>>> print(open('entry-v2.tsv').read())   # TSV, C-alpha atoms
chain	number	residue	atom	x	y	z
J	1	MET	CA	3.44	-0.61	13.50
J	2	SER	CA	4.93	-1.42	10.17
J	3	TRP	CA	6.21	1.26	7.86
J	4	ALA	CA	7.30	0.40	4.31
J	5	ALA	CA	5.89	-3.14	4.62
J	6	HIS	CA	2.44	-1.63	4.08
J	7	GLU	CA	3.47	-0.43	0.60
J	8	PHE	CA	5.04	-3.76	-0.40
J	9	GLU	CA	1.98	-5.73	0.78
J	10	ASN	CA	-0.12	-4.06	-1.90
J	11	TYR	CA	1.69	-5.87	-4.73
J	12	PHE	CA	1.41	-9.21	-2.96
J	13	LEU	CA	-2.28	-8.71	-2.42
J	14	GLN	CA	-2.82	-7.55	-6.00
J	15	ARG	CA	-0.98	-10.64	-7.24
J	16	LYS	CA	-3.26	-12.87	-5.16
J	17	THR	CA	-6.55	-11.14	-5.91
J	18	GLY	CA	-5.97	-10.35	-9.60
J	19	VAL	CA	-8.85	-8.50	-11.20
J	20	LYS	CA	-11.09	-8.99	-8.15
J	21	ALA	CA	-9.51	-6.06	-6.27
J	22	SER	CA	-8.63	-2.54	-7.34
J	23	PHE	CA	-4.98	-1.68	-6.67
J	24	LEU	CA	-5.82	1.91	-5.75
J	25	ALA	CA	-8.37	0.61	-3.24
J	26	LEU	CA	-5.80	-1.81	-1.83
J	27	ALA	CA	-3.35	1.05	-1.38
J	28	LEU	CA	-5.99	3.20	0.27
J	29	GLY	CA	-7.07	0.30	2.48
J	30	THR	CA	-3.55	-0.45	3.71
J	31	ALA	CA	-2.98	3.25	4.43
J	32	ALA	CA	-6.42	3.89	5.98
J	33	PRO	CA	-5.78	2.96	9.65
J	34	ASP	CA	-2.80	5.31	9.93
J	35	LEU	CA	-4.17	7.89	7.50
J	36	PHE	CA	-6.95	8.69	9.95
J	37	THR	CA	-4.85	8.56	13.10
J	38	LYS	CA	-1.11	9.19	12.74
J	39	TYR	CA	-1.31	12.98	12.79
J	40	PHE	CA	-3.27	12.93	16.05
J	41	VAL	CA	-0.93	10.31	17.54
J	42	TYR	CA	2.09	12.55	17.02
J	43	HIS	CA	0.48	15.93	17.66
J	44	VAL	CA	-2.53	15.50	19.96
J	45	ALA	CA	-1.67	12.68	22.34
J	46	PRO	CA	2.10	12.14	22.21
J	47	GLU	CA	2.39	11.48	25.95
J	48	ASP	CA	0.20	8.38	25.70
J	49	ALA	CA	0.70	7.61	22.04
J	50	ALA	CA	0.43	3.81	22.15
J	51	GLN	CA	-2.84	3.81	24.10
J	52	PHE	CA	-4.31	6.52	21.87
J	53	HIS	CA	-3.12	4.89	18.62
J	54	ARG	CA	-4.10	1.29	19.32
J	55	GLY	CA	-6.19	1.14	22.46
J	56	PHE	CA	-9.68	1.85	23.68
J	57	PRO	CA	-10.53	4.56	24.58
J	58	GLY	CA	-8.55	6.09	21.73
J	59	VAL	CA	-8.50	5.64	17.98
J	60	GLY	CA	-7.50	1.96	18.20
J	61	PHE	CA	-10.77	1.02	16.47
J	62	SER	CA	-9.10	2.12	13.20
J	63	HIS	CA	-6.83	-0.92	13.58
J	64	SER	CA	-9.69	-3.42	13.84
J	65	LEU	CA	-11.19	-5.75	11.24
J	66	MET	CA	-14.59	-4.13	11.83
J	67	PHE	CA	-13.24	-0.77	10.66
J	68	GLY	CA	-12.29	-2.41	7.35
J	69	VAL	CA	-15.76	-3.92	7.03
J	70	VAL	CA	-17.44	-0.56	7.69
J	71	LEU	CA	-15.17	1.27	5.23
J	72	SER	CA	-15.63	-1.28	2.47
J	73	LEU	CA	-19.41	-1.37	2.96
J	74	LEU	CA	-19.48	2.40	2.76
J	75	VAL	CA	-17.49	2.26	-0.48
J	76	LEU	CA	-19.70	-0.51	-1.87
J	77	ARG	CA	-22.84	1.47	-1.06
J	78	LEU	CA	-21.50	4.72	-2.54
J	79	THR	CA	-19.72	3.41	-5.64
J	80	ARG	CA	-21.33	-0.04	-6.18
J	81	SER	CA	-17.86	-1.17	-7.19
J	82	ARG	CA	-17.06	-4.64	-5.92
J	83	SER	CA	-13.37	-4.37	-6.80
J	84	TRP	CA	-13.09	-1.23	-4.67
J	85	ALA	CA	-14.97	-2.78	-1.75
J	86	VAL	CA	-12.78	-5.90	-1.88
J	87	GLY	CA	-9.61	-3.81	-2.24
J	88	ILE	CA	-10.41	-1.61	0.76
J	89	LEU	CA	-11.36	-4.61	2.90
J	90	ILE	CA	-8.30	-6.74	2.08
J	91	GLY	CA	-5.91	-3.80	2.29
J	92	GLN	CA	-7.19	-2.65	5.68
J	93	TRP	CA	-7.23	-6.21	7.05
J	94	ALA	CA	-3.63	-6.71	5.90
J	95	HIS	CA	-2.63	-3.59	7.80
J	96	VAL	CA	-4.35	-4.85	10.96
J	97	LEU	CA	-2.69	-8.26	10.70
J	98	THR	CA	0.83	-6.87	10.15
J	99	ASP	CA	0.50	-4.44	13.07
J	100	PHE	CA	0.37	-7.36	15.53
J	101	CYS	CA	4.14	-7.29	15.56
J	102	ASP	CA	4.90	-4.26	17.76
J	103	THR	CA	4.50	-4.08	21.52
J	104	ALA	CA	1.24	-2.11	21.43
J	105	GLY	CA	-0.45	-4.61	19.10
J	106	ASP	CA	-4.01	-3.95	17.97
J	107	MET	CA	-7.59	-5.00	18.67
J	108	PRO	CA	-8.59	-7.12	15.64
J	109	PHE	CA	-12.06	-8.00	16.96
J	110	PHE	CA	-13.08	-4.63	18.37
J	111	PRO	CA	-15.77	-3.98	19.64
J	112	PHE	CA	-16.29	-7.62	20.65
J	113	SER	CA	-12.87	-7.75	22.29
J	114	ILE	CA	-10.76	-4.78	23.34
J	115	GLU	CA	-7.84	-7.02	24.23
J	116	PRO	CA	-4.75	-5.96	22.26
J	117	VAL	CA	-3.06	-8.81	20.39
J	118	THR	CA	0.70	-8.60	19.96
J	119	ILE	CA	3.79	-10.71	19.44
J	120	SER	CA	6.02	-7.83	20.73
J	121	MET	CA	8.64	-8.13	18.02
J	122	TRP	CA	9.65	-4.48	18.31
J	123	LYS	CA	8.68	-1.51	20.45
J	124	HIS	CA	5.87	0.86	19.53
J	125	ALA	CA	7.72	4.16	19.79
J	126	ALA	CA	5.24	6.79	18.59
J	127	ALA	CA	5.71	8.58	21.92
J	128	GLN	CA	9.16	9.61	20.61
J	129	GLY	CA	7.57	11.83	17.95
J	130	ARG	CA	7.73	11.15	14.23
J	131	TYR	CA	11.51	11.21	13.78
J	132	GLY	CA	12.17	9.34	17.00
J	133	ASP	CA	9.53	6.78	16.01
J	134	ALA	CA	11.14	6.27	12.61
J	135	ALA	CA	14.62	6.01	14.15
J	136	ALA	CA	13.41	3.44	16.71
J	137	TYR	CA	11.59	1.41	14.05
J	138	TYR	CA	14.63	1.30	11.76
J	139	SER	CA	16.84	0.40	14.72
J	140	SER	CA	14.72	-2.64	15.56
J	141	LEU	CA	13.43	-5.80	13.90
J	142	GLY	CA	10.87	-3.53	12.25
J	143	GLY	CA	13.51	-2.45	9.74
J	144	VAL	CA	14.33	-6.10	9.10
J	145	TRP	CA	10.61	-6.78	8.66
J	146	ASP	CA	10.39	-4.08	5.97
J	147	PHE	CA	13.49	-5.46	4.25
J	148	PHE	CA	11.97	-8.97	4.33
J	149	TRP	CA	8.85	-7.65	2.56
J	150	LEU	CA	10.97	-5.82	-0.02
J	151	ILE	CA	12.88	-9.01	-0.88
J	152	ALA	CA	9.74	-11.16	-0.79
J	153	THR	CA	7.98	-8.77	-3.19
J	154	LEU	CA	10.94	-8.83	-5.57
J	155	LEU	CA	11.14	-12.62	-5.40
J	156	PHE	CA	7.49	-13.64	-5.45
J	157	ALA	CA	5.49	-10.68	-6.74
J	158	ARG	CA	7.96	-9.12	-9.17
J	159	VAL	CA	5.65	-9.82	-12.07
J	160	ALA	CA	3.06	-7.53	-10.44
J	161	LEU	CA	5.43	-4.61	-10.96
J	162	THR	CA	5.63	-5.00	-14.74
J	163	ARG	CA	3.88	-3.00	-17.42
J	164	GLU	CA	2.42	-6.20	-18.81
J	165	TYR	CA	0.74	-6.99	-15.50
J	166	PHE	CA	-0.45	-3.41	-15.19
J	167	ARG	CA	-2.15	-3.64	-18.58
J	168	ARG	CA	-3.60	-7.11	-18.18
J	169	VAL	CA	-4.71	-7.08	-14.55
J	170	VAL	CA	-4.44	-3.75	-12.73
J	171	ILE	CA	-6.29	-1.55	-15.21
J	172	PRO	CA	-9.01	-4.14	-16.01
J	173	ALA	CA	-9.64	-4.46	-12.26
J	174	ASP	CA	-10.41	-0.76	-12.01
J	175	PRO	CA	-10.91	0.86	-15.42
J	176	ARG	CA	-13.02	3.71	-14.06
J	177	ALA	CA	-10.45	5.11	-11.65
J	178	TRP	CA	-7.50	4.70	-14.02
J	179	GLY	CA	-9.60	6.12	-16.85
J	180	TRP	CA	-10.52	9.09	-14.66
J	181	LEU	CA	-6.83	9.73	-13.89
J	182	HIS	CA	-6.02	9.41	-17.57
J	183	ARG	CA	-8.69	11.87	-18.68
J	184	HIS	CA	-8.43	14.48	-15.93
J	185	LEU	CA	-4.66	14.51	-15.43
J	186	HIS	CA	-3.94	13.95	-19.15
J	187	LEU	CA	-1.63	11.09	-18.30
J	188	PRO	CA	-0.73	8.49	-20.91
J	189	GLU	CA	-0.30	4.87	-19.92
J	190	ARG	CA	3.34	5.28	-18.93
J	191	GLY	CA	2.32	8.07	-16.53
J	192	LEU	CA	-0.35	5.86	-14.96
J	193	LEU	CA	2.22	3.08	-14.72
J	194	LEU	CA	4.49	5.40	-12.72
J	195	ILE	CA	1.69	6.02	-10.24
J	196	TYR	CA	1.18	2.26	-9.91
J	197	GLN	CA	4.89	1.51	-9.47
J	198	GLY	CA	5.27	4.61	-7.28
J	199	PHE	CA	4.02	2.80	-4.17
J	200	PHE	CA	6.81	0.24	-4.39
J	201	PHE	CA	9.28	3.03	-5.06
J	202	TYR	CA	8.00	4.94	-2.04
J	203	GLY	CA	8.31	1.89	0.21
J	204	ALA	CA	11.90	1.21	-0.86
J	205	GLY	CA	12.83	4.89	-0.82
J	206	ARG	CA	11.49	5.75	2.59
J	207	MET	CA	12.89	2.54	4.07
J	208	THR	CA	16.37	3.51	2.86
J	209	SER	CA	16.08	7.18	3.85
J	210	TRP	CA	14.75	6.51	7.35
J	211	PHE	CA	17.39	3.83	7.90
J	212	LEU	CA	20.14	6.30	6.94
J	213	LEU	CA	18.54	9.02	9.08
J	214	ALA	CA	18.49	6.66	12.06
J	215	ARG	CA	22.15	5.79	11.60
J	216	PHE	CA	23.68	9.17	10.71
J	217	GLN	CA	21.36	11.90	12.02
J	218	GLU	CA	19.52	10.45	15.01
J	219	ARG	CA	22.53	8.17	15.68
J	220	THR	CA	20.43	5.50	17.36
J	221	PRO	CA	22.04	2.09	17.95
J	222	PHE	CA	20.93	-0.68	15.58
J	223	GLN	CA	19.43	-3.33	17.90
J	224	PRO	CA	17.48	-5.86	15.83
J	225	THR	CA	16.64	-8.12	18.76
J	226	TRP	CA	13.21	-9.40	19.80
J	227	GLY	CA	11.43	-6.61	21.66
J	228	GLY	CA	14.07	-4.02	20.73
J	229	PRO	CA	15.38	-1.46	20.45
J	230	ASP	CA	16.62	-1.56	24.02
J	231	TYR	CA	17.35	2.16	24.23
J	232	ILE	CA	13.57	2.77	24.27
J	233	GLY	CA	12.84	1.91	27.88
J	234	LEU	CA	9.06	1.68	27.88
J	235	ALA	CA	7.57	-1.49	26.38
J	236	ASN	CA	4.18	0.13	25.66
J	237	ASP	CA	2.34	-3.13	26.20
J	238	LEU	CA	-1.28	-2.03	26.56
J	239	SER	CA	-2.41	-5.15	28.36
J	240	GLY	CA	-1.32	-6.74	31.59
J	241	ALA	CA	-3.25	-9.91	30.82
J	242	SER	CA	-1.63	-13.34	30.67
J	243	LEU	CA	-1.30	-15.29	27.42
J	244	VAL	CA	-4.25	-17.52	28.30
J	245	GLU	CA	-6.45	-14.51	29.06
J	246	VAL	CA	-5.46	-12.84	25.80
J	247	LEU	CA	-6.17	-16.04	23.85
J	248	ALA	CA	-9.54	-16.60	25.54
J	249	ARG	CA	-10.74	-13.03	25.00
J	250	THR	CA	-9.47	-12.99	21.42
J	251	VAL	CA	-11.15	-16.30	20.54
J	252	ILE	CA	-14.45	-15.14	22.06
J	253	GLY	CA	-14.12	-11.81	20.23
J	254	GLY	CA	-13.35	-13.64	16.99
J	255	VAL	CA	-16.38	-15.92	17.27
J	256	LEU	CA	-18.67	-12.97	18.04
J	257	PHE	CA	-17.19	-10.99	15.15
J	258	ALA	CA	-17.70	-13.87	12.69
J	259	THR	CA	-21.27	-14.39	13.93
J	260	PHE	CA	-22.01	-10.69	13.59
J	261	LEU	CA	-20.62	-10.64	10.05
J	262	ALA	CA	-22.66	-13.70	9.07
J	263	LEU	CA	-25.79	-12.07	10.45
J	264	CYS	CA	-25.10	-8.81	8.60
J	265	TRP	CA	-24.45	-10.79	5.40
J	266	ARG	CA	-27.89	-12.35	5.65
J	267	LEU	CA	-29.59	-9.11	6.63
J	268	PHE	CA	-28.18	-6.63	4.12
J	269	ILE	CA	-24.59	-7.15	2.92
J	270	ARG	CA	-25.54	-9.87	0.42
J	271	ARG	CA	-28.18	-7.54	-1.06
J	272	TRP	CA	-25.66	-4.72	-1.34
J	273	TRP	CA	-23.10	-7.09	-2.87
J	274	GLU	CA	-25.55	-8.39	-5.46
J	275	GLY	CA	-26.45	-4.81	-6.31
J	276	GLY	CA	-22.79	-4.00	-6.91
J	277	ASN	CA	-20.92	-4.11	-10.19
J	278	ASP	CA	-17.85	-5.99	-11.30
J	279	PRO	CA	-15.37	-4.10	-13.47
J	280	PRO	CA	-16.79	-4.18	-17.02
J	281	VAL	CA	-14.02	-6.32	-18.45
J	282	VAL	CA	-13.72	-9.01	-15.78
J	283	GLY	CA	-13.50	-12.38	-17.46
J	284	GLU	CA	-12.49	-10.98	-20.84
J	285	ARG	CA	-9.02	-9.88	-19.71
J	286	GLU	CA	-8.78	-7.08	-22.26
J	287	PRO	CA	-5.52	-5.17	-22.40
J	288	GLY	CA	-5.36	-2.01	-20.32
J	289	VAL	CA	-5.88	0.53	-23.08
J	290	ARG	CA	-9.21	-0.98	-24.15
J	291	ALA	CA	-10.33	-1.38	-20.58
J	292	VAL	CA	-9.91	2.32	-19.90
J	293	PHE	CA	-12.05	3.29	-22.84
J	294	GLY	CA	-14.47	0.43	-22.44
J	295	ASP	CA	-14.57	-0.70	-26.06
I	1	MET	CA	8.58	-24.77	-36.30
I	2	ARG	CA	7.89	-26.72	-33.12
I	3	ALA	CA	4.90	-26.08	-30.89
I	4	GLY	CA	7.18	-24.96	-28.06
I	5	ASP	CA	8.70	-22.27	-30.28
I	6	LEU	CA	5.25	-21.05	-31.22
I	7	GLY	CA	4.29	-20.83	-27.58
I	8	ARG	CA	7.41	-18.88	-26.68
I	9	ARG	CA	6.86	-16.58	-29.62
I	10	ALA	CA	3.28	-15.94	-28.58
I	11	ALA	CA	4.42	-15.23	-25.07
I	12	ARG	CA	7.00	-12.76	-26.36
I	13	SER	CA	4.51	-11.03	-28.61
I	14	SER	CA	2.11	-10.45	-25.71
I	15	THR	CA	4.68	-8.67	-23.56
I	16	HIS	CA	5.26	-4.95	-23.58
I	17	PRO	CA	8.67	-3.53	-22.83
I	18	GLU	CA	9.07	-1.38	-19.75
I	19	PRO	CA	9.02	2.32	-20.72
I	20	TRP	CA	11.78	3.29	-18.28
I	21	SER	CA	15.34	2.01	-18.22
I	22	TRP	CA	16.82	0.63	-15.00
I	23	TRP	CA	19.27	3.50	-14.70
I	24	SER	CA	16.51	6.11	-14.77
I	25	TRP	CA	14.93	4.25	-11.85
I	26	VAL	CA	18.28	4.15	-10.04
I	27	LEU	CA	18.86	7.90	-10.54
I	28	THR	CA	15.32	8.73	-9.40
I	29	PHE	CA	15.72	6.46	-6.39
I	30	LEU	CA	19.04	8.02	-5.39
I	31	SER	CA	17.65	11.54	-5.72
I	32	TYR	CA	14.66	10.55	-3.58
I	33	VAL	CA	16.85	9.05	-0.86
I	34	VAL	CA	19.08	12.14	-0.79
I	35	LEU	CA	16.09	14.50	-0.69
I	36	GLY	CA	14.44	12.32	1.93
I	37	TYR	CA	17.57	12.43	4.05
I	38	LEU	CA	17.83	16.21	3.77
I	39	LEU	CA	14.18	17.24	3.88
I	40	LYS	CA	12.71	14.36	5.90
I	41	SER	CA	8.93	14.59	6.19
I	42	VAL	CA	8.59	17.07	3.30
I	43	VAL	CA	9.49	14.22	0.95
I	44	LEU	CA	8.96	11.09	3.02
I	45	ASN	CA	5.18	11.25	3.19
I	46	TRP	CA	2.22	9.43	1.66
I	47	ILE	CA	1.53	12.08	-0.96
I	48	VAL	CA	4.92	13.12	-2.28
I	49	GLY	CA	6.49	9.66	-1.97
I	50	PRO	CA	4.32	7.60	-4.34
I	51	LEU	CA	4.02	10.49	-6.81
I	52	TYR	CA	7.75	11.28	-6.88
I	53	PRO	CA	8.57	8.97	-9.85
I	54	LEU	CA	5.68	10.44	-11.83
I	55	PHE	CA	6.95	13.94	-11.19
I	56	VAL	CA	10.65	13.27	-11.82
I	57	MET	CA	10.38	10.78	-14.67
I	58	TYR	CA	7.37	12.10	-16.55
I	59	VAL	CA	6.02	15.53	-15.53
I	60	LEU	CA	9.37	17.29	-15.17
I	61	PRO	CA	10.90	16.10	-18.49
I	62	THR	CA	7.64	16.76	-20.34
I	63	THR	CA	7.37	20.26	-18.92
I	64	LEU	CA	11.03	21.04	-19.59
I	65	ARG	CA	10.69	19.79	-23.15
I	66	GLY	CA	7.72	22.12	-23.57
I	67	LEU	CA	9.55	25.10	-22.07
I	68	LEU	CA	12.64	24.52	-24.17
I	69	GLY	CA	10.72	24.97	-27.38
I	70	GLY	CA	9.47	21.52	-28.23
I	71	ARG	CA	5.87	20.50	-28.17
I	72	VAL	CA	4.47	19.07	-24.97
I	73	ALA	CA	4.07	15.57	-26.25
I	74	VAL	CA	1.28	14.22	-24.11
I	75	ARG	CA	-0.51	11.82	-26.39
I	76	PRO	CA	-3.94	10.53	-25.51
I	77	LEU	CA	-3.77	7.00	-24.19
I	78	ALA	CA	-5.85	5.59	-27.03
I	79	GLN	CA	-3.36	6.84	-29.61
I	80	GLU	CA	-0.31	5.58	-27.81
I	81	PRO	CA	1.50	3.27	-30.21
I	82	GLU	CA	1.52	-0.39	-29.40
I	83	ALA	CA	4.82	-1.80	-28.28
I	84	PRO	CA	6.78	-3.64	-30.97
I	85	THR	CA	5.99	-7.32	-31.04
>>> encode(input="entry-v2.tsv", output="structure tokens")
Amino acid sequence: MSWAAHEFENYFLQRKTGVKASFLALALGTAAPDLFTKYFVYHVAPEDAAQFHRGFPGVGFSHSLMFGVVLSLLVLRLTRSRSWAVGILIGQWAHVLTDFCDTAGDMPFFPFSIEPVTISMWKHAAAQGRYGDAAAYYSSLGGVWDFFWLIATLLFARVALTREYFRRVVIPADPRAWGWLHRHLHLPERGLLLIYQGFFFYGAGRMTSWFLLARFQERTPFQPTWGGPDYIGLANDLSGASLVEVLARTVIGGVLFATFLALCWRLFIRRWWEGGNDPPVVGEREPGVRAVFGD
Amino acid sequence: MRAGDLGRRAARSSTHPEPWSWWSWVLTFLSYVVLGYLLKSVVLNWIVGPLYPLFVMYVLPTTLRGLLGGRVAVRPLAQEPEAPT
């Protein structure tokens, strides 16, 4: 699993999608797979945490591309907002794709393939409990992965953190939600901006705090080697299949998933999409203040 | 005036200065890291974490200003003055 990388991804994705995706939906989408499962992983099934978190049977379906499709369709149907549907979908898919890196991996094409896909960069250590998991993550290449995303965001998506970008892109992409926060929480634009920038702050802050906790409280050795940290004995690889078997099952699952999506698009998704609404100011690129009030 | 200067001027006029100085971010960040280190999951979670800057940099000062006798200056967004161009 990735930790702070999921917060930094949001700004990259927002930079790429512009007004097509709501930032709040992106943030919810990237958090969704763990939001629904992490509590149960640590408190209900700690003895078999990797299998429960990422496998089947278990709640591993939350880390599949299909889960993102279902969530975004649900949001599209309920809100008719295309920017929210796109945000949820892209955010959740980004989470699935970045969680390939640990030893448990995830099942991107569930239910068409229940073969976990992983590159085993660091150990999935949820069985150690929350603090042990954090200490193991920030003792492995996972911590380096988070740091890479922090630097990459600052280098390539820094503009997405500015007030100017917030006014010109983020609010116009989702004027209803930001307007709702403005009206009901009585927050002026600088307050809304703090919520927007807060996700980056949280990523950087928790990365630093957990790293310090791992070094000075948990006192775990820093072992940023492939498949580390070594002090966690169990690899937590959910599959005993060979590389060829994994590839074959994943490719078959991928083809079936794409076919299923295409079929659903023809049957009902296109109709739902066409019945949805773009944010009212898409194309006009009004500044944030006007977008919120819709004049 | 050359066309390039006009373009740069236009670009400058369309930008809005950041409302918070870098040192207020640094102080907020340091306080978050210290609290996170001491209180762990009370602070390092998905709810408190992203809202921490809002609380420390906006809600707390605004509330304190109100309690210390000043008006709680929460202006509606529409009346917020435009940034100087």
>>> residues_around(input="entry-v2.tsv", residues="segment 32-39 of chain I", least_positions_apart="2", cutoff="7 Å", atoms="all atoms listed in the file", output="mmCIF file with C-alpha atoms, keeping the file's coordinate frame")
data_model
loop_
_atom_site.group_PDB
_atom_site.id
_atom_site.type_symbol
_atom_site.label_atom_id
_atom_site.label_comp_id
_atom_site.auth_asym_id
_atom_site.auth_seq_id
_atom_site.Cartn_x
_atom_site.Cartn_y
_atom_site.Cartn_z
ATOM 1 C CA GLY J 205 12.830 4.890 -0.820
ATOM 2 C CA THR J 208 16.370 3.510 2.860
ATOM 3 C CA SER J 209 16.080 7.180 3.850
ATOM 4 C CA LEU J 213 18.540 9.020 9.080
ATOM 5 C CA THR I 28 15.320 8.730 -9.400
ATOM 6 C CA PHE I 29 15.720 6.460 -6.390
ATOM 7 C CA LEU I 30 19.040 8.020 -5.390
ATOM 8 C CA SER I 41 8.930 14.590 6.190
ATOM 9 C CA VAL I 42 8.590 17.070 3.300
ATOM 10 C CA VAL I 43 9.490 14.220 0.950
ATOM 11 C CA LEU I 44 8.960 11.090 3.020
#
>>> atom_distance(input="entry-v2.tsv", atom1="atom CA of Lys40 of chain I", atom2="atom CA of Arg130 of chain J")
10.2 Å
>>> residues_around(input="entry-v2.tsv", residues="Ala4 of chain J", least_positions_apart="6", cutoff="9 Å", atoms="only C-alpha atoms", output="JSON, numbers by chain")
{"J": [143, 146, 147, 149, 150, 200, 202, 203, 204, 205, 206, 207]}
>>> interface_residues(input="entry-v2.tsv", of="chain J", to="chain I", cutoff="9 Å", atoms="all atoms listed in the file", output="NGL selection string")
:J and (31 or 35 or 130-131 or 162-164 or 182-183 or 186-206 or 208-210 or 212-213 or 217 or 289-290 or 292-293)
>>> atom_distance(input="entry-v2.tsv", atom1="atom CA of Asp102 of chain J", atom2="atom CA of Phe216 of chain J")
24.1 Å
>>> atom_distance(input="entry-v2.tsv", atom1="atom CA of Leu267 of chain J", atom2="atom CA of Ile252 of chain J")
22.4 Å
>>> residues_near_point(input="entry-v2.tsv", point="(1.6, 5.7, 22.9)", cutoff="10 Å", atoms="all atoms listed in the file", output="PyMOL selection string")
chain J and resi 41-42+45-55+104+124-129+234-238
>>> residues_around(input="entry-v2.tsv", residues="Pro33 of chain J", least_positions_apart="6", cutoff="12 Å", atoms="all atoms listed in the file", output="NGL selection string")
:J and (1-2 or 6 or 27 or 39 or 41 or 53-54 or 59-68 or 71 or 88-89 or 91-99 or 106)
>>> axis_aligned_box(input="entry-v2.tsv", around="segment 213-222 of chain J", padding_each_side="6 Å", output="JSON")
{"center_x": 21.1, "center_y": 5.6, "center_z": 13.5, "size_x": 17.2, "size_y": 24.6, "size_z": 20.9}
>>> closest_residue(input="entry-v2.tsv", among="J:His184, J:Val86, J:Tyr165, J:Pro224", to="Asn277 of chain J", atoms="all atoms listed in the file")
J:Val86
>>> residues_around(input="entry-v2.tsv", residues="Gly253 of chain J", least_positions_apart="5", cutoff="8 Å", atoms="all atoms listed in the file", output="list of chain:residue names")
J:Phe109, J:Phe110, J:Phe112, J:Ser113
>>> decode(input="entry-v2.tsv", residues="segment 3-15 of chain J", atoms="N, CA, C and O atoms", output="PDB file, in the first residue's frame")
ATOM      1  N   TRP J   3       1.106   5.300   1.204  1.00  0.00           N
ATOM      2  CA  TRP J   3       0.522   6.147   2.235  1.00  0.00           C
ATOM      3  C   TRP J   3       0.369   7.573   1.699  1.00  0.00           C
ATOM      4  O   TRP J   3      -0.621   7.875   1.061  1.00  0.00           O
ATOM      5  N   ALA J   4       1.343   8.432   1.928  1.00  0.00           N
ATOM      6  CA  ALA J   4       1.189   9.835   1.531  1.00  0.00           C
ATOM      7  C   ALA J   4       1.134  10.019   0.016  1.00  0.00           C
ATOM      8  O   ALA J   4       0.604  11.024  -0.459  1.00  0.00           O
ATOM      9  N   ALA J   5       1.649   9.047  -0.735  1.00  0.00           N
ATOM     10  CA  ALA J   5       1.599   9.160  -2.203  1.00  0.00           C
ATOM     11  C   ALA J   5       0.168   9.375  -2.687  1.00  0.00           C
ATOM     12  O   ALA J   5      -0.055  10.080  -3.673  1.00  0.00           O
ATOM     13  N   HIS J   6      -0.803   8.807  -1.985  1.00  0.00           N
ATOM     14  CA  HIS J   6      -2.192   8.956  -2.414  1.00  0.00           C
ATOM     15  C   HIS J   6      -2.673  10.404  -2.302  1.00  0.00           C
ATOM     16  O   HIS J   6      -3.589  10.798  -3.023  1.00  0.00           O
ATOM     17  N   GLU J   7      -2.098  11.179  -1.382  1.00  0.00           N
ATOM     18  CA  GLU J   7      -2.483  12.592  -1.295  1.00  0.00           C
ATOM     19  C   GLU J   7      -1.814  13.398  -2.416  1.00  0.00           C
ATOM     20  O   GLU J   7      -2.444  14.268  -3.014  1.00  0.00           O
ATOM     21  N   PHE J   8      -0.537  13.083  -2.682  1.00  0.00           N
ATOM     22  CA  PHE J   8       0.187  13.854  -3.706  1.00  0.00           C
ATOM     23  C   PHE J   8      -0.368  13.582  -5.104  1.00  0.00           C
ATOM     24  O   PHE J   8      -0.381  14.475  -5.954  1.00  0.00           O
ATOM     25  N   GLU J   9      -0.821  12.358  -5.340  1.00  0.00           N
ATOM     26  CA  GLU J   9      -1.373  11.998  -6.658  1.00  0.00           C
ATOM     27  C   GLU J   9      -2.504  12.933  -7.071  1.00  0.00           C
ATOM     28  O   GLU J   9      -2.652  13.246  -8.241  1.00  0.00           O
ATOM     29  N   ASN J  10      -3.287  13.365  -6.080  1.00  0.00           N
ATOM     30  CA  ASN J  10      -4.465  14.179  -6.384  1.00  0.00           C
ATOM     31  C   ASN J  10      -4.114  15.416  -7.207  1.00  0.00           C
ATOM     32  O   ASN J  10      -4.844  15.795  -8.122  1.00  0.00           O
ATOM     33  N   TYR J  11      -2.984  16.058  -6.858  1.00  0.00           N
ATOM     34  CA  TYR J  11      -2.612  17.305  -7.534  1.00  0.00           C
ATOM     35  C   TYR J  11      -2.105  17.024  -8.940  1.00  0.00           C
ATOM     36  O   TYR J  11      -2.331  17.809  -9.858  1.00  0.00           O
ATOM     37  N   PHE J  12      -1.439  15.890  -9.112  1.00  0.00           N
ATOM     38  CA  PHE J  12      -1.017  15.462 -10.441  1.00  0.00           C
ATOM     39  C   PHE J  12      -2.234  15.217 -11.326  1.00  0.00           C
ATOM     40  O   PHE J  12      -2.296  15.664 -12.463  1.00  0.00           O
ATOM     41  N   LEU J  13      -3.179  14.477 -10.760  1.00  0.00           N
ATOM     42  CA  LEU J  13      -4.368  14.124 -11.536  1.00  0.00           C
ATOM     43  C   LEU J  13      -5.188  15.370 -11.863  1.00  0.00           C
ATOM     44  O   LEU J  13      -5.702  15.518 -12.967  1.00  0.00           O
ATOM     45  N   GLN J  14      -5.295  16.284 -10.897  1.00  0.00           N
ATOM     46  CA  GLN J  14      -6.036  17.519 -11.141  1.00  0.00           C
ATOM     47  C   GLN J  14      -5.368  18.331 -12.237  1.00  0.00           C
ATOM     48  O   GLN J  14      -6.020  18.917 -13.098  1.00  0.00           O
ATOM     49  N   ARG J  15      -4.049  18.351 -12.225  1.00  0.00           N
ATOM     50  CA  ARG J  15      -3.278  19.087 -13.246  1.00  0.00           C
ATOM     51  C   ARG J  15      -3.541  18.512 -14.632  1.00  0.00           C
ATOM     52  O   ARG J  15      -3.593  19.235 -15.609  1.00  0.00           O
TER      53      ARG J  15
END
